Amino acid sequence: MASLREDIFGQASGDFAVDLGTTTTRVYRRGAGIVLSQPSMVAFRRGDGGMARLLDAGSGAHRMFGRTPAGIDVIRPLREGVVVDLAAGARMLRSFFDSISRSAHGPLRIIMGVPAGGSVRDRDNARAVARMAGADEVYLMEEPLALAIGAGADAADLWGTLVVDVGGGTTEVALVASGGIQCLRTVPVGGDAMDAAIAGYLERERGVLVGERTAEDLKIRLGAAADDGPPERARVRGRGVARGLPMEISVSSREVCAALREPVAAIAAAVRSCLDGIPSTVSLDLLDRGILMGGGGSLLRGMDRVLEREVLLPVTRVRDPLSCVARGSAAGLDYLGVLRKVERG
Ligand SMILES: Nc1ncnc2c1ncn2[C@@H]1O[C@H](COP(=O)(O)OP(=O)(O)OP(=O)(O)O)[C@@H](O)[C@H]1O
């Protein structure tokens with residue numbers, strides 16, 4: 001019979017927390033921290049009527065993205081935070097697990113972050129992908145809750161923490177209180193939408209077509225939520241809209257900021273809408289506590305200041321916005337024994 005300690009802390013060392021994100025997958029191993037952080041992409045060589053052969057996953061697939069030779073497909077198995085291609089997602093995740101040396105002979109048990117706004121089907125798909133990738137036991141944790149825990153907030157706090165998770169595919173705004181999610185807004189706007197907005201701007205205003213990677217590079221180099229920093233410029237290569245010929249242009253930070261106005265406004269609107277749904281006693285409390293913001297999109301320069309200005313509450317970017325969800329999910333690894341009992345009733 002398992003002891004209480006085994007019930008609470010589990011036995012196997014093959015326990016992982018997985019943040020299967022739209023743009024990046026991160027894996028946290030109990031006792032070791034983050035052991036993998038790779039683009040959520042997988043490359044296949046098309047077979048002659050047979051099954052596509054896996055060529056590479058993660059950064060190898062990312063290098064081919066947008067410049068794939070004939071016969072090779074680079075797939076992103078997730079869109080807007082949820083798995084849309086189960087088979088590709090499973091092969092990608094299996095390849096990630098294979099790349100981590102797993103000395104444990106025990107079962108592979110994972111706890112996985114999922115968007116709080118996902119449907120039952122989305123959750124079933126996340127579980128299915130993990131099982132197809134070789135997991136023996138799969139537990140799910142809602143990402144805003146994981147983010148709050150990863151940031152060191154007390155999830156059991158009665159009044160709660162307002163969390164904004166600006167991911168690649170979605171932004172989730174949630175009041176995490178009494179150990180659960182009390183109020184939630186999910187919008188399909190995150191880092192990907194920012195990249196698309198930059199590409200759309202350059203096509204419309206400058207007559208140049210650029211790929212997702214170029215747009216993302218521009219966002220990270222010159223992007224800002226508010227146009228109040230020193231002006232900067234970068235050279236960008238793309239294809240001319242008119243004649244399809246390669247061209248290089250110089251783009252300013254002012255232009256990138258203008259392109260980002262709409263997605264930034266949509267994120268601020270989601271935060272305001274969530275605040276509208278919160279009881280006034282709690283929102284008064286938020287005047288002191290403020291808002292916790294994480295996710296890769298929160299790294300956009302000035303995002304915290306723009307949100308503060310829009311909702312009139314202090315905004316703190318969490319210490320490690322990219323891996324906060326994985327670290328928060330990992331807190332659940334200490335309770336796998338308990339989770340198993342809860343799931344089995
Ligand atoms: N310095 C930066 N400035 C702006 N955006 C950034 C920066 N660094 C990373 N990002 C963006 O963060 C996004 C990825 O964030 P994150 O890893 O939290 O998302 P994800 O977990 O893959 O997505 P989701 O939670 O929606 O499934 C990407 O769009 C990336 O371009």
# chains A, B, ... in the order shown; residues from 1 in each chain; ligands from 1
>>> closest_atom_pairs(of="chain A", to="ligand 1", cutoff="6 Å", atoms="only C-alpha atoms and all ligand atoms", output="CSV")
residue,atom,partner,partner_atom_place_in_ligand_line,distance
A:Gly21,CA,ligand 1,22 (O),3.4
A:Thr22,CA,ligand 1,27 (O),3.7
A:Thr23,CA,ligand 1,22 (O),3.5
A:Thr24,CA,ligand 1,22 (O),3.9
A:Glu80,CA,ligand 1,26 (O),5.6
A:Gly81,CA,ligand 1,27 (O),3.6
A:Gly167,CA,ligand 1,19 (O),3.6
A:Gly168,CA,ligand 1,23 (O),3.6
A:Gly169,CA,ligand 1,26 (O),3.5
A:Thr170,CA,ligand 1,26 (O),4.3
A:Gly191,CA,ligand 1,29 (O),3.1
A:Asp192,CA,ligand 1,29 (O),4.9
A:Glu216,CA,ligand 1,31 (O),5.4
A:Lys219,CA,ligand 1,4 (C),5.9
A:Ile220,CA,ligand 1,3 (N),4.3
A:Gly295,CA,ligand 1,18 (O),3.5
A:Gly296,CA,ligand 1,12 (O),3.2
A:Gly297,CA,ligand 1,12 (O),4.1
A:Leu299,CA,ligand 1,3 (N),4.4
A:Leu300,CA,ligand 1,4 (C),3.7
A:Leu322,CA,ligand 1,18 (O),5.0
>>> residues_around(residues="A:Leu287", least_positions_apart="5", cutoff="12 Å", atoms="only C-alpha atoms", output="short mmCIF file (atom, residue, chain, number, x, y, z; two decimals) with N, CA and C atoms, in the first residue's frame")
data_model
loop_
_atom_site.label_atom_id
_atom_site.label_comp_id
_atom_site.auth_asym_id
_atom_site.auth_seq_id
_atom_site.Cartn_x
_atom_site.Cartn_y
_atom_site.Cartn_z
N THR A 161 -6.30 36.86 -7.61
CA THR A 161 -5.30 37.55 -8.40
C THR A 161 -5.84 37.67 -9.81
N LEU A 162 -5.74 38.84 -10.39
CA LEU A 162 -6.15 38.98 -11.79
C LEU A 162 -4.93 38.72 -12.67
N LEU A 275 -12.71 42.77 -16.07
CA LEU A 275 -12.89 43.60 -14.86
C LEU A 275 -14.36 43.94 -14.66
N SER A 280 -17.60 44.30 -7.35
CA SER A 280 -16.89 45.56 -7.09
C SER A 280 -16.00 45.47 -5.85
N THR A 281 -16.39 44.63 -4.86
CA THR A 281 -15.52 44.50 -3.68
C THR A 281 -14.15 43.97 -4.07
N VAL A 282 -14.15 43.01 -5.01
CA VAL A 282 -12.88 42.43 -5.45
C VAL A 282 -12.11 43.43 -6.30
N GLU A 308 -1.80 49.56 -17.96
CA GLU A 308 -2.02 50.38 -16.75
C GLU A 308 -2.84 51.62 -17.09
N VAL A 311 -6.60 50.49 -17.97
CA VAL A 311 -7.52 49.96 -16.95
C VAL A 311 -7.30 50.61 -15.58
N LEU A 312 -6.35 51.51 -15.50
CA LEU A 312 -6.09 52.28 -14.28
C LEU A 312 -5.79 51.40 -13.06
N LEU A 313 -5.06 50.30 -13.32
CA LEU A 313 -4.60 49.44 -12.22
C LEU A 313 -3.11 49.16 -12.43
N PRO A 314 -2.37 48.96 -11.33
CA PRO A 314 -0.95 48.62 -11.52
C PRO A 314 -0.79 47.25 -12.20
N VAL A 315 0.14 47.16 -13.12
CA VAL A 315 0.37 45.90 -13.85
C VAL A 315 1.82 45.46 -13.60
#
>>> closest_residue(among="A:Gly211, A:Gly47, A:Pro77, A:Gly160", to="A:Phe65", atoms="only C-alpha atoms")
A:Gly211
>>> residues_around(residues="stretch 83-91 of chain A", least_positions_apart="2", cutoff="6 Å", atoms="only C-alpha atoms", output="list in words")
Pro77, Leu78, Leu93, Arg94, Val129, Met132 and Ala133 of chain A
>>> select_by_dssp(residues="stretch 90-226 of chain A", states="strand (DSSP E or B)", output="PyMOL selection string")
chain A and resi 109-114+137-142+161-166+171-177+180-187+208-209+224
>>> write_last_selection(atoms="C-alpha atoms", output="compact mmCIF listing (two decimals), in the first residue's frame")
# COMPACT_ATOMS: atom_id res chain seq x y z
CA ARG A 109 3.15 10.94 -16.00
CA ILE A 110 2.51 14.43 -17.18
CA ILE A 111 0.58 17.45 -16.10
CA MET A 112 -0.30 19.70 -18.98
CA GLY A 113 -1.42 23.32 -19.15
CA VAL A 114 -4.57 23.98 -21.22
CA GLU A 137 -1.08 9.27 -17.06
CA VAL A 138 -2.21 12.76 -18.08
CA TYR A 139 -3.55 15.54 -15.85
CA LEU A 140 -4.64 18.96 -17.02
CA MET A 141 -4.21 22.34 -15.36
CA GLU A 142 -5.83 25.57 -16.56
CA THR A 161 -5.30 37.55 -8.40
CA LEU A 162 -6.15 38.98 -11.79
CA VAL A 163 -3.96 37.27 -14.35
CA VAL A 164 -3.35 38.25 -17.99
CA ASP A 165 -1.65 35.56 -20.09
CA VAL A 166 -0.64 36.93 -23.49
CA THR A 171 -4.83 36.02 -24.48
CA GLU A 172 -6.63 34.79 -21.39
CA VAL A 173 -7.66 37.15 -18.63
CA ALA A 174 -8.80 35.46 -15.44
CA LEU A 175 -9.54 36.15 -11.83
CA VAL A 176 -7.90 33.26 -9.99
CA ALA A 177 -9.53 33.03 -6.56
CA GLY A 180 -10.11 28.19 -9.15
CA ILE A 181 -11.02 30.54 -11.97
CA GLN A 182 -13.84 32.89 -11.07
CA CYS A 183 -14.06 35.11 -14.10
CA LEU A 184 -12.55 34.53 -17.54
CA ARG A 185 -12.18 36.25 -20.89
CA THR A 186 -10.40 34.57 -23.79
CA VAL A 187 -9.60 36.34 -27.05
CA VAL A 208 5.74 44.15 -49.50
CA LEU A 209 4.82 40.58 -48.61
CA ALA A 224 6.19 48.37 -28.81
>>> closest_residue(among="A:Ile72, A:Leu108, A:Val42, A:Ala269", to="A:Ala57", atoms="only C-alpha atoms")
A:Val42
>>> closest_residue(among="A:Leu333, A:Ala326, A:Ala270, A:Ala128", to="A:Leu147", atoms="only C-alpha atoms")
A:Ala326
>>> atom_distance(atom1="atom CA of A:Leu292", atom2="atom CA of A:Ala156")
15.9 Å
>>> decode(residues="stretch 30-75 of chain A", atoms="N, CA and C atoms", output="PDB file, in the first residue's frame")
ATOM      1  N   ARG A  30      10.456  17.234 -13.009  1.00  0.00           N
ATOM      2  CA  ARG A  30      10.539  17.325 -11.557  1.00  0.00           C
ATOM      3  C   ARG A  30      11.993  17.179 -11.097  1.00  0.00           C
ATOM      4  N   GLY A  31      12.437  18.109 -10.328  1.00  0.00           N
ATOM      5  CA  GLY A  31      13.789  18.041  -9.778  1.00  0.00           C
ATOM      6  C   GLY A  31      14.846  18.664 -10.684  1.00  0.00           C
ATOM      7  N   ALA A  32      14.498  18.968 -11.940  1.00  0.00           N
ATOM      8  CA  ALA A  32      15.510  19.483 -12.867  1.00  0.00           C
ATOM      9  C   ALA A  32      15.141  20.847 -13.444  1.00  0.00           C
ATOM     10  N   GLY A  33      13.881  21.241 -13.371  1.00  0.00           N
ATOM     11  CA  GLY A  33      13.446  22.521 -13.961  1.00  0.00           C
ATOM     12  C   GLY A  33      13.089  22.350 -15.436  1.00  0.00           C
ATOM     13  N   ILE A  34      13.182  23.465 -16.180  1.00  0.00           N
ATOM     14  CA  ILE A  34      12.811  23.415 -17.604  1.00  0.00           C
ATOM     15  C   ILE A  34      13.892  22.639 -18.363  1.00  0.00           C
ATOM     16  N   VAL A  35      13.501  21.533 -18.992  1.00  0.00           N
ATOM     17  CA  VAL A  35      14.493  20.719 -19.707  1.00  0.00           C
ATOM     18  C   VAL A  35      14.314  20.810 -21.225  1.00  0.00           C
ATOM     19  N   LEU A  36      13.232  21.447 -21.666  1.00  0.00           N
ATOM     20  CA  LEU A  36      13.039  21.590 -23.122  1.00  0.00           C
ATOM     21  C   LEU A  36      12.204  22.830 -23.402  1.00  0.00           C
ATOM     22  N   SER A  37      12.626  23.596 -24.408  1.00  0.00           N
ATOM     23  CA  SER A  37      11.848  24.738 -24.870  1.00  0.00           C
ATOM     24  C   SER A  37      12.053  24.807 -26.372  1.00  0.00           C
ATOM     25  N   GLN A  38      11.036  24.437 -27.124  1.00  0.00           N
ATOM     26  CA  GLN A  38      11.183  24.291 -28.574  1.00  0.00           C
ATOM     27  C   GLN A  38       9.962  24.860 -29.291  1.00  0.00           C
ATOM     28  N   PRO A  39      10.160  25.413 -30.497  1.00  0.00           N
ATOM     29  CA  PRO A  39       8.999  25.852 -31.274  1.00  0.00           C
ATOM     30  C   PRO A  39       8.023  24.688 -31.490  1.00  0.00           C
ATOM     31  N   SER A  40       6.722  24.970 -31.394  1.00  0.00           N
ATOM     32  CA  SER A  40       5.712  23.910 -31.596  1.00  0.00           C
ATOM     33  C   SER A  40       5.506  23.692 -33.093  1.00  0.00           C
ATOM     34  N   MET A  41       6.478  23.055 -33.689  1.00  0.00           N
ATOM     35  CA  MET A  41       6.437  22.799 -35.137  1.00  0.00           C
ATOM     36  C   MET A  41       7.033  21.432 -35.418  1.00  0.00           C
ATOM     37  N   VAL A  42       6.530  20.831 -36.490  1.00  0.00           N
ATOM     38  CA  VAL A  42       7.049  19.522 -36.856  1.00  0.00           C
ATOM     39  C   VAL A  42       7.110  19.440 -38.377  1.00  0.00           C
ATOM     40  N   ALA A  43       8.198  18.861 -38.883  1.00  0.00           N
ATOM     41  CA  ALA A  43       8.385  18.782 -40.343  1.00  0.00           C
ATOM     42  C   ALA A  43       8.287  17.330 -40.791  1.00  0.00           C
ATOM     43  N   PHE A  44       7.543  17.126 -41.881  1.00  0.00           N
ATOM     44  CA  PHE A  44       7.374  15.783 -42.448  1.00  0.00           C
ATOM     45  C   PHE A  44       7.786  15.775 -43.914  1.00  0.00           C
ATOM     46  N   ARG A  45       8.348  14.639 -44.328  1.00  0.00           N
ATOM     47  CA  ARG A  45       8.539  14.445 -45.768  1.00  0.00           C
ATOM     48  C   ARG A  45       7.352  13.623 -46.260  1.00  0.00           C
ATOM     49  N   ARG A  46       6.675  14.161 -47.278  1.00  0.00           N
ATOM     50  CA  ARG A  46       5.502  13.468 -47.807  1.00  0.00           C
ATOM     51  C   ARG A  46       5.900  12.129 -48.417  1.00  0.00           C
ATOM     52  N   GLY A  47       5.166  11.068 -48.061  1.00  0.00           N
ATOM     53  CA  GLY A  47       5.490   9.748 -48.612  1.00  0.00           C
ATOM     54  C   GLY A  47       4.728   9.525 -49.910  1.00  0.00           C
ATOM     55  N   ASP A  48       5.138   8.478 -50.669  1.00  0.00           N
ATOM     56  CA  ASP A  48       4.398   8.150 -51.895  1.00  0.00           C
ATOM     57  C   ASP A  48       3.142   7.388 -51.514  1.00  0.00           C
ATOM     58  N   GLY A  49       2.128   8.099 -51.133  1.00  0.00           N
ATOM     59  CA  GLY A  49       0.874   7.447 -50.754  1.00  0.00           C
ATOM     60  C   GLY A  49       0.951   6.855 -49.362  1.00  0.00           C
ATOM     61  N   GLY A  50       2.146   6.686 -48.825  1.00  0.00           N
ATOM     62  CA  GLY A  50       2.279   6.107 -47.485  1.00  0.00           C
ATOM     63  C   GLY A  50       2.259   7.175 -46.422  1.00  0.00           C
ATOM     64  N   MET A  51       2.670   6.820 -45.209  1.00  0.00           N
ATOM     65  CA  MET A  51       2.652   7.766 -44.106  1.00  0.00           C
ATOM     66  C   MET A  51       3.811   8.764 -44.236  1.00  0.00           C
ATOM     67  N   ALA A  52       3.519  10.011 -43.933  1.00  0.00           N
ATOM     68  CA  ALA A  52       4.572  11.024 -43.999  1.00  0.00           C
ATOM     69  C   ALA A  52       5.655  10.685 -42.973  1.00  0.00           C
ATOM     70  N   ARG A  53       6.931  10.870 -43.363  1.00  0.00           N
ATOM     71  CA  ARG A  53       8.039  10.545 -42.462  1.00  0.00           C
ATOM     72  C   ARG A  53       8.446  11.785 -41.681  1.00  0.00           C
ATOM     73  N   LEU A  54       8.582  11.607 -40.375  1.00  0.00           N
ATOM     74  CA  LEU A  54       8.980  12.754 -39.557  1.00  0.00           C
ATOM     75  C   LEU A  54      10.431  13.128 -39.852  1.00  0.00           C
ATOM     76  N   LEU A  55      10.639  14.391 -40.207  1.00  0.00           N
ATOM     77  CA  LEU A  55      12.003  14.852 -40.498  1.00  0.00           C
ATOM     78  C   LEU A  55      12.632  15.492 -39.278  1.00  0.00           C
ATOM     79  N   ASP A  56      11.866  16.369 -38.632  1.00  0.00           N
ATOM     80  CA  ASP A  56      12.409  17.107 -37.495  1.00  0.00           C
ATOM     81  C   ASP A  56      11.266  17.734 -36.717  1.00  0.00           C
ATOM     82  N   ALA A  57      11.528  18.048 -35.466  1.00  0.00           N
ATOM     83  CA  ALA A  57      10.525  18.741 -34.655  1.00  0.00           C
ATOM     84  C   ALA A  57      11.224  19.868 -33.910  1.00  0.00           C
ATOM     85  N   GLY A  58      10.476  20.896 -33.550  1.00  0.00           N
ATOM     86  CA  GLY A  58      11.054  22.000 -32.789  1.00  0.00           C
ATOM     87  C   GLY A  58      11.892  22.918 -33.653  1.00  0.00           C
ATOM     88  N   SER A  59      13.091  23.273 -33.151  1.00  0.00           N
ATOM     89  CA  SER A  59      13.878  24.305 -33.851  1.00  0.00           C
ATOM     90  C   SER A  59      14.299  23.850 -35.252  1.00  0.00           C
ATOM     91  N   GLY A  60      14.519  22.557 -35.447  1.00  0.00           N
ATOM     92  CA  GLY A  60      14.871  22.051 -36.776  1.00  0.00           C
ATOM     93  C   GLY A  60      13.737  22.318 -37.759  1.00  0.00           C
ATOM     94  N   ALA A  61      12.500  22.071 -37.326  1.00  0.00           N
ATOM     95  CA  ALA A  61      11.340  22.327 -38.185  1.00  0.00           C
ATOM     96  C   ALA A  61      11.160  23.833 -38.385  1.00  0.00           C
ATOM     97  N   HIS A  62      11.440  24.600 -37.329  1.00  0.00           N
ATOM     98  CA  HIS A  62      11.289  26.062 -37.403  1.00  0.00           C
ATOM     99  C   HIS A  62      12.226  26.655 -38.457  1.00  0.00           C
ATOM    100  N   ARG A  63      13.448  26.085 -38.551  1.00  0.00           N
ATOM    101  CA  ARG A  63      14.406  26.591 -39.540  1.00  0.00           C
ATOM    102  C   ARG A  63      13.872  26.417 -40.968  1.00  0.00           C
ATOM    103  N   MET A  64      13.055  25.364 -41.155  1.00  0.00           N
ATOM    104  CA  MET A  64      12.531  25.106 -42.515  1.00  0.00           C
ATOM    105  C   MET A  64      11.254  25.892 -42.777  1.00  0.00           C
ATOM    106  N   PHE A  65      10.636  26.399 -41.714  1.00  0.00           N
ATOM    107  CA  PHE A  65       9.326  27.048 -41.827  1.00  0.00           C
ATOM    108  C   PHE A  65       9.401  28.246 -42.776  1.00  0.00           C
ATOM    109  N   GLY A  66       8.462  28.292 -43.712  1.00  0.00           N
ATOM    110  CA  GLY A  66       8.413  29.434 -44.623  1.00  0.00           C
ATOM    111  C   GLY A  66       9.366  29.298 -45.805  1.00  0.00           C
ATOM    112  N   ARG A  67      10.209  28.283 -45.800  1.00  0.00           N
ATOM    113  CA  ARG A  67      11.119  28.086 -46.938  1.00  0.00           C
ATOM    114  C   ARG A  67      11.292  26.590 -47.202  1.00  0.00           C
ATOM    115  N   THR A  68      10.133  25.889 -47.215  1.00  0.00           N
ATOM    116  CA  THR A  68      10.192  24.427 -47.348  1.00  0.00           C
ATOM    117  C   THR A  68      10.373  24.004 -48.799  1.00  0.00           C
ATOM    118  N   PRO A  69      11.319  23.111 -49.028  1.00  0.00           N
ATOM    119  CA  PRO A  69      11.451  22.560 -50.378  1.00  0.00           C
ATOM    120  C   PRO A  69      10.240  21.683 -50.714  1.00  0.00           C
ATOM    121  N   ALA A  70      10.069  21.386 -52.008  1.00  0.00           N
ATOM    122  CA  ALA A  70       8.947  20.549 -52.438  1.00  0.00           C
ATOM    123  C   ALA A  70       8.993  19.206 -51.705  1.00  0.00           C
ATOM    124  N   GLY A  71       7.849  18.714 -51.335  1.00  0.00           N
ATOM    125  CA  GLY A  71       7.774  17.397 -50.702  1.00  0.00           C
ATOM    126  C   GLY A  71       7.901  17.434 -49.192  1.00  0.00           C
ATOM    127  N   ILE A  72       8.139  18.625 -48.625  1.00  0.00           N
ATOM    128  CA  ILE A  72       8.263  18.722 -47.163  1.00  0.00           C
ATOM    129  C   ILE A  72       7.172  19.654 -46.624  1.00  0.00           C
ATOM    130  N   ASP A  73       6.498  19.210 -45.574  1.00  0.00           N
ATOM    131  CA  ASP A  73       5.481  20.051 -44.930  1.00  0.00           C
ATOM    132  C   ASP A  73       5.933  20.383 -43.519  1.00  0.00           C
ATOM    133  N   VAL A  74       5.869  21.665 -43.170  1.00  0.00           N
ATOM    134  CA  VAL A  74       6.114  22.050 -41.776  1.00  0.00           C
ATOM    135  C   VAL A  74       4.760  22.406 -41.167  1.00  0.00           C
ATOM    136  N   ILE A  75       4.408  21.702 -40.105  1.00  0.00           N
ATOM    137  CA  ILE A  75       3.067  21.836 -39.519  1.00  0.00           C
ATOM    138  C   ILE A  75       3.155  22.434 -38.121  1.00  0.00           C
TER     139      ILE A  75
END
